[in-house]
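Colleague: My structure is stored as protein_7.cif, with mmCIF, C-alpha atoms and all ligand atoms.
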```
data_run
loop_
_atom_site.label_atom_id
_atom_site.label_comp_id
_atom_site.auth_asym_id
_atom_site.auth_seq_id
_atom_site.Cartn_x
_atom_site.Cartn_y
_atom_site.Cartn_z
CA MET A 1 37.64 -19.62 20.68
CA LYS A 2 33.94 -18.90 20.12
CA TYR A 3 31.44 -21.71 19.70
CA TYR A 4 28.17 -22.03 17.79
CA HIS A 5 25.30 -24.45 18.25
CA ILE A 6 22.56 -24.92 15.63
CA ILE A 7 19.18 -26.52 16.21
CA ALA A 8 17.30 -27.39 13.01
CA PHE A 9 13.66 -28.38 13.44
CA GLY A 10 11.49 -30.20 10.90
CA CYS A 11 12.35 -31.26 7.39
CA GLN A 12 15.49 -32.06 5.40
CA MET A 13 15.31 -28.61 3.81
CA ASN A 14 15.96 -27.13 7.26
CA LYS A 15 18.87 -29.52 7.84
CA SER A 16 20.31 -28.34 4.53
CA ASP A 17 19.83 -24.69 5.56
CA ALA A 18 21.66 -25.49 8.82
CA GLU A 19 24.63 -26.79 6.80
CA ARG A 20 24.84 -23.50 4.88
CA LEU A 21 24.46 -21.50 8.07
CA ALA A 22 27.25 -23.54 9.71
CA ALA A 23 29.57 -22.73 6.80
CA ILE A 24 28.97 -18.98 7.26
CA LEU A 25 29.52 -19.18 11.02
CA GLU A 26 32.76 -21.13 10.57
CA GLY A 27 33.86 -18.50 8.05
CA LEU A 28 33.41 -16.00 10.85
CA GLY A 29 35.71 -18.03 13.09
CA TYR A 30 33.13 -19.89 15.17
CA GLN A 31 33.58 -23.57 15.99
CA LYS A 32 30.78 -26.09 16.32
CA THR A 33 29.67 -27.42 19.70
CA ASP A 34 26.99 -30.03 20.34
CA ASN A 35 26.45 -28.65 23.81
CA GLU A 36 24.28 -25.53 23.84
CA LYS A 37 25.55 -24.64 27.32
CA SER A 38 29.04 -23.99 25.97
CA ALA A 39 27.87 -22.00 22.92
CA ASP A 40 28.49 -18.28 22.39
CA LEU A 41 26.05 -18.24 19.49
CA ILE A 42 22.89 -20.34 19.26
CA ALA A 43 20.95 -20.48 16.00
CA VAL A 44 17.53 -21.98 15.38
CA VAL A 45 16.32 -23.07 11.96
CA ALA A 46 12.62 -22.99 12.74
CA CYS A 47 9.77 -25.10 11.39
CA SER A 48 6.25 -23.64 11.43
CA VAL A 49 4.52 -26.55 9.70
CA ARG A 50 3.28 -27.84 13.05
CA GLN A 51 2.57 -25.91 16.22
CA SER A 52 4.55 -28.45 18.30
CA ALA A 53 7.80 -27.38 16.60
CA VAL A 54 7.00 -23.71 17.31
CA ASP A 55 6.26 -24.57 20.96
CA ARG A 56 9.65 -26.25 21.24
CA ILE A 57 11.35 -22.97 20.29
CA TYR A 58 9.60 -21.25 23.21
CA GLY A 59 10.80 -24.07 25.47
CA LYS A 60 14.37 -23.49 24.31
CA ILE A 61 14.12 -19.72 24.87
CA LYS A 62 13.42 -20.34 28.56
CA ILE A 63 16.61 -22.42 28.87
CA TRP A 64 18.72 -19.84 27.03
CA ASN A 65 17.42 -16.96 29.11
CA LYS A 66 18.81 -18.79 32.14
CA LEU A 67 22.15 -19.34 30.39
CA LYS A 68 22.25 -15.68 29.32
CA LYS A 69 22.33 -14.61 32.99
CA ASN A 70 25.89 -15.95 33.35
CA LYS A 71 27.28 -15.40 29.88
CA LYS A 72 26.85 -13.37 26.70
CA ILE A 73 25.11 -15.51 24.12
CA VAL A 74 23.97 -14.32 20.70
CA THR A 75 20.75 -16.01 19.53
CA LEU A 76 19.68 -16.19 15.89
CA LEU A 77 16.43 -17.30 14.32
CA THR A 78 15.86 -18.28 10.70
CA GLY A 79 14.06 -20.96 8.62
CA CYS A 80 10.28 -21.23 8.41
CA VAL A 81 9.01 -18.40 10.64
CA LEU A 82 5.53 -16.98 10.32
CA LYS A 83 5.01 -13.21 10.40
CA SER A 84 2.54 -13.70 13.24
CA ASP A 85 5.21 -15.45 15.36
CA GLN A 86 7.98 -13.07 14.33
CA LYS A 87 6.80 -10.24 16.56
CA LYS A 88 6.74 -12.38 19.70
CA LEU A 89 9.97 -14.18 18.86
CA SER A 90 11.85 -10.99 18.03
CA GLN A 91 11.75 -10.13 21.74
CA SER A 92 13.62 -13.34 22.54
CA PHE A 93 16.15 -13.50 19.71
CA ASP A 94 18.99 -11.08 19.02
CA LEU A 95 18.53 -11.47 15.30
CA ILE A 96 15.85 -12.86 13.00
CA PHE A 97 16.79 -13.15 9.34
CA ASP A 98 15.42 -14.71 6.17
CA ILE A 99 17.58 -17.69 5.16
CA LYS A 100 17.63 -16.24 1.63
CA ASN A 101 19.70 -13.38 3.13
CA LEU A 102 22.25 -15.75 4.63
CA ASN A 103 25.02 -13.93 2.80
CA LYS A 104 24.18 -10.79 4.77
CA LEU A 105 24.57 -12.55 8.10
CA PRO A 106 28.23 -11.57 8.65
CA LYS A 107 27.27 -7.92 8.25
CA LEU A 108 24.28 -8.38 10.49
CA LEU A 109 26.55 -9.85 13.12
CA LYS A 110 28.50 -6.62 12.76
CA LYS A 111 31.63 -8.14 11.41
CA GLU A 112 32.05 -6.21 8.24
CA ARG A 113 33.10 -8.90 5.82
CA PRO A 114 32.24 -8.43 2.18
CA ILE A 115 30.41 -11.46 0.87
CA SER A 116 29.02 -11.28 -2.62
CA SER A 117 27.42 -14.71 -2.86
CA ASP A 118 23.74 -15.50 -2.43
CA TYR A 119 22.14 -18.22 -0.36
CA PHE A 120 22.50 -21.04 -2.89
CA SER A 121 26.14 -20.36 -3.62
CA VAL A 122 27.19 -20.60 0.02
CA THR A 123 29.22 -23.80 0.17
CA PRO A 124 27.62 -25.69 3.02
CA LYS A 125 29.32 -27.41 5.91
CA TYR A 126 27.84 -30.87 5.26
CA GLN A 127 26.91 -32.69 8.47
CA SER A 128 27.88 -36.05 7.03
CA LYS A 129 30.96 -37.13 5.13
CA PHE A 130 29.02 -39.47 2.85
CA GLN A 131 25.40 -38.29 2.57
CA ALA A 132 24.51 -34.76 1.41
CA TYR A 133 21.40 -32.69 0.85
CA VAL A 134 21.43 -30.38 -2.14
CA PRO A 135 18.61 -27.81 -2.42
CA ILE A 136 17.33 -27.31 -5.95
CA SER A 137 14.57 -24.84 -5.11
CA THR A 138 13.20 -22.90 -2.17
CA GLY A 139 9.70 -21.75 -1.34
CA CYS A 140 6.42 -22.96 -2.81
CA ASN A 141 3.63 -21.63 -5.04
CA ASN A 142 1.04 -24.29 -4.37
CA TYR A 143 -0.86 -22.84 -1.43
CA CYS A 144 -2.29 -26.08 -0.10
CA THR A 145 -4.89 -24.64 2.24
CA TYR A 146 -3.44 -26.15 5.45
CA CYS A 147 0.19 -25.24 4.81
CA VAL A 148 2.34 -22.33 5.98
CA VAL A 149 5.32 -22.97 3.69
CA PRO A 150 4.34 -20.49 0.91
CA TYR A 151 3.91 -17.78 3.57
CA ALA A 152 6.98 -18.62 5.64
CA ARG A 153 9.33 -19.40 2.75
CA GLY A 154 7.92 -17.23 -0.01
CA PRO A 155 7.40 -18.11 -3.67
CA GLU A 156 9.22 -20.96 -5.37
CA ILE A 157 12.64 -20.06 -6.73
CA SER A 158 14.59 -22.62 -8.77
CA ARG A 159 18.32 -22.69 -8.32
CA PRO A 160 20.39 -22.45 -11.52
CA ALA A 161 20.95 -25.95 -12.91
CA LYS A 162 24.68 -25.44 -13.48
CA GLU A 163 25.15 -24.54 -9.82
CA ILE A 164 23.35 -27.70 -8.68
CA ILE A 165 25.31 -29.90 -11.08
CA ASN A 166 28.60 -28.36 -9.92
CA GLU A 167 27.73 -28.92 -6.27
CA VAL A 168 26.92 -32.59 -6.95
CA LYS A 169 30.12 -32.99 -9.00
CA SER A 170 32.21 -31.69 -6.14
CA LEU A 171 30.39 -34.01 -3.72
CA ILE A 172 31.16 -36.99 -5.96
CA ASN A 173 34.80 -35.90 -6.19
CA SER A 174 34.98 -35.74 -2.41
CA GLY A 175 33.73 -39.33 -2.18
CA TYR A 176 30.11 -38.70 -1.17
CA LYS A 177 28.02 -41.85 -1.57
CA GLU A 178 24.51 -40.39 -1.55
CA THR A 179 23.01 -37.09 -2.70
CA THR A 180 19.43 -36.05 -2.02
CA LEU A 181 17.99 -33.23 -4.11
CA LEU A 182 15.59 -31.08 -2.09
CA GLY A 183 12.58 -28.95 -3.00
CA GLN A 184 9.03 -28.54 -1.69
CA ASN A 185 7.85 -29.64 -5.13
CA VAL A 186 10.80 -30.87 -7.19
CA ASN A 187 8.49 -31.55 -10.15
CA SER A 188 7.90 -27.87 -10.83
CA TYR A 189 11.65 -27.14 -10.96
CA TYR A 190 12.63 -25.11 -14.00
CA SER A 191 15.82 -23.24 -14.75
CA GLU A 192 18.03 -22.61 -17.77
CA ASN A 193 16.11 -25.01 -20.03
CA TYR A 194 16.26 -27.74 -17.41
CA ASN A 195 13.07 -29.26 -16.09
CA PHE A 196 13.35 -31.73 -13.22
CA PRO A 197 13.64 -34.94 -15.30
CA LYS A 198 16.42 -33.38 -17.38
CA LEU A 199 18.24 -32.21 -14.25
CA LEU A 200 17.92 -35.67 -12.69
CA LYS A 201 19.17 -37.41 -15.82
CA THR A 202 22.13 -35.05 -16.15
CA ILE A 203 23.15 -35.75 -12.57
CA ASN A 204 22.60 -39.49 -12.99
CA ASP A 205 24.92 -39.43 -16.01
CA LEU A 206 27.80 -37.78 -14.14
CA PRO A 207 30.75 -40.16 -13.86
CA GLY A 208 31.21 -41.89 -10.51
CA ASN A 209 29.40 -44.29 -8.23
CA PHE A 210 26.77 -42.66 -6.07
CA TRP A 211 23.16 -42.93 -5.01
CA LEU A 212 20.76 -40.24 -6.13
CA ASN A 213 17.57 -39.38 -4.22
CA PHE A 214 15.04 -36.56 -4.28
CA VAL A 215 12.13 -35.18 -2.24
CA THR A 216 9.33 -34.05 -2.48
CA SER A 217 7.15 -34.86 -5.48
CA HIS A 218 3.68 -33.40 -5.93
CA PRO A 219 1.16 -35.80 -7.54
CA LYS A 220 -0.25 -33.03 -9.74
CA ASP A 221 3.11 -32.39 -11.43
CA LEU A 222 4.83 -35.79 -11.55
CA SER A 223 5.34 -36.58 -15.22
CA ASP A 224 5.70 -39.75 -17.33
CA GLU A 225 9.06 -38.36 -18.41
CA LEU A 226 10.26 -38.43 -14.78
CA ILE A 227 9.07 -42.03 -14.31
CA LYS A 228 11.02 -43.05 -17.43
CA ILE A 229 14.20 -41.28 -16.30
CA MET A 230 13.90 -42.84 -12.84
CA ALA A 231 13.38 -46.32 -14.22
CA ASN A 232 16.44 -46.04 -16.48
CA GLY A 233 18.74 -44.09 -14.19
CA LYS A 234 21.11 -46.65 -12.66
CA LYS A 235 22.10 -44.35 -9.81
CA ILE A 236 18.61 -43.08 -9.02
CA CYS A 237 17.26 -44.75 -5.89
CA GLN A 238 14.10 -46.79 -6.31
CA TYR A 239 12.27 -44.76 -3.71
CA MET A 240 9.50 -42.21 -4.19
CA HIS A 241 8.00 -39.94 -1.55
CA LEU A 242 4.64 -38.90 -2.95
CA PRO A 243 2.40 -37.14 -0.42
CA VAL A 244 -1.27 -37.91 -1.02
CA GLN A 245 -2.60 -36.02 2.07
CA ALA A 246 -6.12 -37.55 1.73
CA GLY A 247 -7.95 -40.22 -0.23
CA ASP A 248 -11.24 -38.36 -0.60
CA ASN A 249 -11.85 -36.06 -3.56
CA LYS A 250 -13.83 -33.46 -1.63
CA VAL A 251 -11.13 -33.23 1.03
CA LEU A 252 -8.42 -33.06 -1.64
CA LYS A 253 -10.30 -30.18 -3.26
CA ALA A 254 -10.67 -28.39 0.06
CA MET A 255 -6.94 -28.85 0.56
CA ASN A 256 -6.30 -27.29 -2.90
CA ARG A 257 -4.26 -30.27 -4.03
CA HIS A 258 -5.43 -30.31 -7.69
CA TYR A 259 -5.76 -34.09 -8.18
CA THR A 260 -8.24 -36.84 -7.40
CA SER A 261 -7.70 -40.13 -5.60
CA VAL A 262 -8.05 -41.95 -8.95
CA HIS A 263 -5.31 -39.78 -10.45
CA TYR A 264 -3.07 -40.67 -7.51
CA LYS A 265 -3.78 -44.40 -7.78
CA ASN A 266 -3.12 -44.38 -11.52
CA LEU A 267 0.15 -42.58 -10.93
CA ILE A 268 1.23 -45.27 -8.45
CA LYS A 269 0.24 -47.97 -10.96
CA LYS A 270 2.42 -46.36 -13.63
CA ILE A 271 5.34 -45.96 -11.24
CA ARG A 272 5.14 -49.59 -10.08
CA LYS A 273 4.79 -50.86 -13.63
CA ALA A 274 8.00 -49.07 -14.61
CA MET A 275 9.80 -49.93 -11.34
CA PRO A 276 8.35 -53.07 -9.73
CA ASP A 277 10.71 -52.97 -6.71
CA ILE A 278 10.19 -49.31 -5.86
CA ALA A 279 9.33 -48.31 -2.29
CA ILE A 280 6.68 -45.62 -1.91
CA SER A 281 6.05 -43.34 1.05
CA THR A 282 3.50 -40.61 1.61
CA ASP A 283 2.23 -37.85 3.91
CA ILE A 284 -1.36 -37.92 5.17
CA ILE A 285 -3.33 -35.45 7.29
CA VAL A 286 -6.29 -36.71 9.31
CA GLY A 287 -9.04 -34.49 10.70
CA PHE A 288 -8.94 -31.69 8.13
CA PRO A 289 -11.85 -29.24 8.81
CA LYS A 290 -15.21 -30.90 8.06
CA GLU A 291 -13.59 -34.28 7.20
CA THR A 292 -16.44 -36.72 7.82
CA LYS A 293 -16.05 -40.33 8.91
CA ALA A 294 -17.03 -41.46 5.41
CA GLN A 295 -14.41 -39.18 3.85
CA PHE A 296 -11.80 -40.47 6.27
CA ASN A 297 -12.77 -44.02 5.32
CA ASN A 298 -11.86 -43.17 1.71
CA THR A 299 -8.37 -42.29 2.90
CA ALA A 300 -8.16 -45.56 4.85
CA LYS A 301 -9.35 -47.41 1.74
CA LEU A 302 -6.74 -45.74 -0.45
CA MET A 303 -4.03 -46.64 2.04
CA LYS A 304 -5.09 -50.29 1.99
CA GLN A 305 -5.10 -50.31 -1.82
CA ILE A 306 -1.69 -48.71 -2.23
CA ASN A 307 0.28 -50.69 0.38
CA PHE A 308 2.67 -47.90 1.35
CA ASP A 309 6.15 -48.68 2.62
CA MET A 310 6.04 -45.66 4.89
CA ALA A 311 3.59 -42.87 5.70
CA TYR A 312 4.13 -39.74 7.76
CA LEU A 313 0.76 -39.35 9.42
CA ALA A 314 -0.28 -36.01 10.92
CA GLU A 315 -3.31 -34.83 12.84
CA TYR A 316 -4.51 -31.58 11.28
CA SER A 317 -3.62 -28.44 13.21
CA PRO A 318 -4.64 -24.97 12.03
CA ARG A 319 -1.70 -22.79 11.06
CA PRO A 320 -2.12 -19.03 11.32
CA GLY A 321 -2.54 -17.18 8.03
CA THR A 322 -3.50 -20.23 5.96
CA ALA A 323 -6.85 -20.53 4.16
CA ALA A 324 -7.87 -23.57 6.21
CA ALA A 325 -7.30 -21.68 9.45
CA LYS A 326 -10.41 -19.66 8.61
CA LEU A 327 -12.48 -22.88 8.71
CA GLU A 328 -13.69 -24.30 11.97
CA ASP A 329 -11.28 -26.99 13.23
CA ASN A 330 -14.31 -29.15 13.94
CA VAL A 331 -12.91 -32.68 14.21
CA PRO A 332 -12.40 -33.32 17.95
CA ALA A 333 -8.88 -34.18 19.12
CA ALA A 334 -9.96 -37.66 20.25
CA GLU A 335 -11.46 -38.37 16.83
CA LYS A 336 -8.28 -37.17 15.07
CA SER A 337 -6.27 -39.47 17.26
CA ARG A 338 -8.64 -42.39 16.55
CA ARG A 339 -8.27 -41.79 12.79
CA TRP A 340 -4.49 -41.52 13.12
CA LYS A 341 -4.33 -44.86 14.93
CA ILE A 342 -6.45 -46.59 12.29
CA LEU A 343 -4.12 -45.39 9.53
CA ASN A 344 -1.06 -46.34 11.56
CA GLU A 345 -2.36 -49.91 11.89
CA ILE A 346 -2.94 -50.09 8.11
CA LEU A 347 0.57 -48.73 7.55
CA LYS A 348 2.20 -51.27 9.89
CA LYS A 349 0.52 -54.11 7.99
CA SER A 350 1.46 -52.87 4.51
CA ALA A 351 5.02 -52.01 5.56
CA LEU A 352 5.46 -55.49 7.05
CA LYS A 353 3.98 -57.13 3.97
CA ASN A 354 6.34 -55.22 1.69
CA ASN A 355 9.33 -55.85 3.95
CA LYS A 356 8.70 -59.61 3.92
CA ASN A 357 9.43 -59.52 0.18
CA TYR A 358 13.02 -58.70 1.11
CA LEU A 359 13.57 -61.98 3.00
CA LYS A 360 16.54 -63.93 1.60
CA LYS A 361 17.23 -61.12 -0.89
CA ILE A 362 20.64 -59.51 -1.25
CA VAL A 363 20.68 -55.72 -1.04
CA GLU A 364 23.22 -52.93 -0.83
CA VAL A 365 23.17 -51.00 2.43
CA LEU A 366 24.75 -47.62 3.13
CA ILE A 367 25.80 -47.77 6.80
CA ASN A 368 24.96 -44.52 8.60
CA ASN A 369 24.70 -45.28 12.32
CA HIS A 370 25.47 -47.71 15.11
CA ASP A 371 24.00 -48.47 18.48
CA LYS A 372 24.11 -51.32 21.06
CA GLY A 373 25.63 -54.15 19.08
CA TYR A 374 24.22 -53.19 15.68
CA PHE A 375 25.12 -51.12 12.64
CA TYR A 376 22.22 -49.40 10.90
CA GLY A 377 21.91 -48.34 7.30
CA LYS A 378 19.55 -47.67 4.41
CA THR A 379 18.89 -49.58 1.22
CA LYS A 380 18.42 -47.86 -2.12
CA THR A 381 14.70 -48.18 -1.38
CA PHE A 382 15.09 -46.21 1.87
CA LYS A 383 14.55 -49.27 4.09
CA THR A 384 16.32 -49.33 7.44
CA VAL A 385 18.51 -52.42 7.87
CA LYS A 386 20.32 -53.52 11.02
CA ILE A 387 23.39 -55.72 10.94
CA LYS A 388 25.23 -57.23 13.92
CA LYS A 389 28.41 -55.30 14.67
CA SER A 390 31.59 -56.66 13.18
CA PRO A 391 35.03 -55.05 13.08
CA ASN A 392 35.20 -54.83 9.31
CA ILE A 393 32.18 -52.53 8.90
CA LYS A 394 32.50 -48.74 9.08
CA ILE A 395 30.01 -45.90 9.00
CA GLY A 396 29.85 -44.60 5.42
CA ASP A 397 30.48 -48.05 3.84
CA ILE A 398 28.16 -49.51 1.23
CA ILE A 399 28.03 -53.25 1.90
CA LYS A 400 26.16 -56.24 0.45
CA VAL A 401 23.71 -57.73 2.92
CA LYS A 402 21.42 -60.76 2.92
CA ILE A 403 18.10 -60.03 4.62
CA ILE A 404 17.23 -62.58 7.32
CA LYS A 405 14.41 -60.90 9.28
CA ALA A 406 11.63 -58.46 8.40
CA ALA A 407 9.67 -56.24 10.80
CA ASP A 408 7.32 -53.38 9.86
CA PHE A 409 9.86 -50.58 9.92
CA CYS A 410 13.17 -52.46 10.01
CA LEU A 411 14.95 -55.30 8.24
CA GLU A 412 17.78 -57.36 9.67
CA GLY A 413 20.58 -58.68 7.53
CA VAL A 414 23.97 -60.38 7.55
CA ARG A 415 26.95 -59.10 5.65
CA LEU A 416 28.07 -61.05 2.61
CA GLU A 417 31.82 -61.10 2.19
N1 LIG B 1 6.07 -29.97 0.22
C1 LIG B 1 5.66 -31.17 0.78
C2 LIG B 1 5.53 -31.17 2.30
C3 LIG B 1 5.54 -29.95 3.09
S1 LIG B 1 5.08 -29.94 4.77
C4 LIG B 1 4.37 -31.60 0.12
O1 LIG B 1 3.84 -30.95 -0.74
O2 LIG B 1 3.85 -32.61 0.48
C5 LIG B 1 5.24 -31.62 5.32
C6 LIG B 1 3.96 -32.27 5.69
O3 LIG B 1 3.42 -31.69 6.87
C7 LIG B 1 2.85 -32.16 4.67
O4 LIG B 1 2.97 -33.07 3.65
C8 LIG B 1 1.62 -32.38 5.51
O5 LIG B 1 1.25 -33.75 5.52
C9 LIG B 1 2.03 -31.93 6.92
N2 LIG B 1 1.35 -30.69 7.28
C10 LIG B 1 1.51 -29.48 6.72
N3 LIG B 1 0.69 -28.58 7.29
C11 LIG B 1 -0.03 -29.24 8.22
C12 LIG B 1 -1.05 -28.86 9.14
N4 LIG B 1 -1.54 -27.63 9.19
N5 LIG B 1 -1.54 -29.82 9.98
C13 LIG B 1 -1.07 -31.08 9.93
N6 LIG B 1 -0.12 -31.49 9.08
C14 LIG B 1 0.40 -30.59 8.23
FE1 LIG B 2 2.94 -26.87 1.53
FE2 LIG B 2 1.51 -27.76 -0.52
FE3 LIG B 2 3.72 -26.34 -0.96
FE4 LIG B 2 3.92 -28.82 0.00
S1 LIG B 2 3.10 -28.24 -1.99
S2 LIG B 2 4.99 -27.02 0.74
S3 LIG B 2 2.12 -28.98 1.31
S4 LIG B 2 1.85 -25.61 0.02
#
```
Let me see the file written as structure tokens.
Ligand code: SAH
Ligand code: SF4
Modeller:
Amino acid sequence: MKYYHIIAFGCQMNKSDAERLAAILEGLGYQKTDNEKSADLIAVVACSVRQSAVDRIYGKIKIWNKLKKNKKIVTLLTGCVLKSDQKKLSQSFDLIFDIKNLNKLPKLLKKERPISSDYFSVTPKYQSKFQAYVPISTGCNNYCTYCVVPYARGPEISRPAKEIINEVKSLINSGYKETTLLGQNVNSYYSENYNFPKLLKTINDLPGNFWLNFVTSHPKDLSDELIKIMANGKKICQYMHLPVQAGDNKVLKAMNRHYTSVHYKNLIKKIRKAMPDIAISTDIIVGFPKETKAQFNNTAKLMKQINFDMAYLAEYSPRPGTAAAKLEDNVPAAEKSRRWKILNEILKKSALKNNKNYLKKIVEVLINNHDKGYFYGKTKTFKTVKIKKSPNIKIGDIIKVKIIKAADFCLEGVRLE
């Protein structure tokens, strides 16, 4: 028996790619192992968004080179790989391939198996039996000046709507409880007369009980139509990830984001008016080239005004090939870290404030993990809830819970019978 081991860095899109890759490898007769030391084939789904994730690949290569001394191991690289890294990495990997050419992998691995399907139509090997990621588009056309995705993933391609709907239908039939639609900018999805709101509504209206999520929305493209569909869609989770990146108009312009901070705030107002209980998360970059203290303060101000439930805060790092990489990375590391900490303190306060609103409330929780005496799960607003272990709870269950404690990033609840 031959074993494969996949490491997927970064975002959910990469985790979804790993599921498709796993399906191909299993079709070739490989079996999964969680231990890289016992693998005959190791595959990396790379992330180039941050240098730290690229550095981790180099760390792994060192370990595998040691393993390779005692055993034949095939190493594969795919995902978000920059051309500038490809040259160096090609010396350390047996095969580098574009995930869009996943269907050609069997041939590349020299096992001549005819496969006619393309990337999207590969039926993935879902990692979970109750939560699934479904890609609706790949790539990106937005060229935010700091971001490598358009270079590493290529232009945006929307997947045919019928294919997406069929994949979700089969997930529902197999008892999946939650589906998350994935795209770098779901709002610009367009295929076969379906825009994103229409696609979301069609999926919401499929028979069956399931939770429906999606990431990521771009503030420049999020429409009133989508807000309406979300507010009326019973299965659509009341959770929106809407990256703002900065709260200062000059910085937003330099980032090529195509909206102002006022536009963003108005959008949030509309969303909250239509869905008062919605949870909102964001991405923010601190220390973009030439970001002044006053400009940073505008971001801090926006964060205080919005009261985010969650924010993924990043210190800017230049990525090769991007427009921003040509600018001087002039904000010192210590200053970036100071700005990051300020935003993190604001986030902890707003998250705690929002979480306190859950006290004594009854919510549904999808249990997805357990650890040291507790089960963990998510609400339909993407809040983490912990519940004391009891024998009648299983991973994959959706249970009713009364919230008894609220911390900044976690709620605690008791099960209602
Ligand atoms: N498509 C999504 C996110 C893509 S990358 C969107 O439009 O928001 C995920 C996050 O990584 C980005 O939102 C951004 O906050 C962060 N990021 C991307 N490039 C970065 C860079 N060069 N330095 C620091 N953070 C970066
Ligand atoms: Fe990157 Fe911008 Fe595209 Fe998001 S929208 S993937 S940040 S270029």
Colleague: List as a ChimeraX atom specification the protein and nucleic acid residues lying within 10 Å of ligand LIG 2 (chain B), with only C-alpha atoms and all ligand atoms counted.
Modeller: /A:49,138-153,155-156,183-186,216-220,243-245,255-257,283,322
Colleague: Centre and edge lengths of an axis-aligned box around all listed atoms of ligand LIG 1 (chain B), with 3 Å added on each side, are to be given in Å to one decimal, as AutoDock Vina command-line options.
Modeller:
```
--center_x 2.3 --center_y -30.7 --center_z 4.6 --size_x 13.6 --size_y 12.1 --size_z 16.7
```
Colleague: Which residue, A:Leu21, A:Ile393, A:Ala314, A:Ile362, has the smallest gap to ligand LIG 1 (chain B) when you use only C-alpha atoms and all ligand atoms?
Modeller: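 Among A:Leu21, A:Ile393, A:Ala314, A:Ile362, it is A:Ala314 that comes nearest to ligand LIG 1 (chain B).
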Colleague: Compare A:Cys47, A:Asn369, A:Tyr4, A:Leu102 by their minimum atom-to-atom distance to Ile73 (chain A), counting only C-alpha atoms, and give me the closest one.
Modeller: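 Closest to Ile73 (chain A) of all the choices is A:Tyr4.
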Colleague: For Lys386 (chain A), which residue out of A:Tyr176, A:Phe409, A:Tyr30, A:Phe288 is the nearest one, using all atoms listed in the file?
Modeller: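 Distance minimum relative to Lys386 (chain A) lands on A:Phe409.
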Colleague: From the list A:Tyr312, A:Leu67, A:Leu242, A:Val385, which residue is nearest Leu267 (chain A) when using all atoms listed in the file?
Modeller: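 Once distances to Leu267 (chain A) are computed over all atoms listed in the file, the minimum belongs to A:Leu242.
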Colleague: Taking into account only C-alpha atoms, which residue in the set A:Tyr259, A:Phe130, A:Phe214, A:Tyr264 is nearest to Phe382 (chain A)?
Modeller: A:Phe214
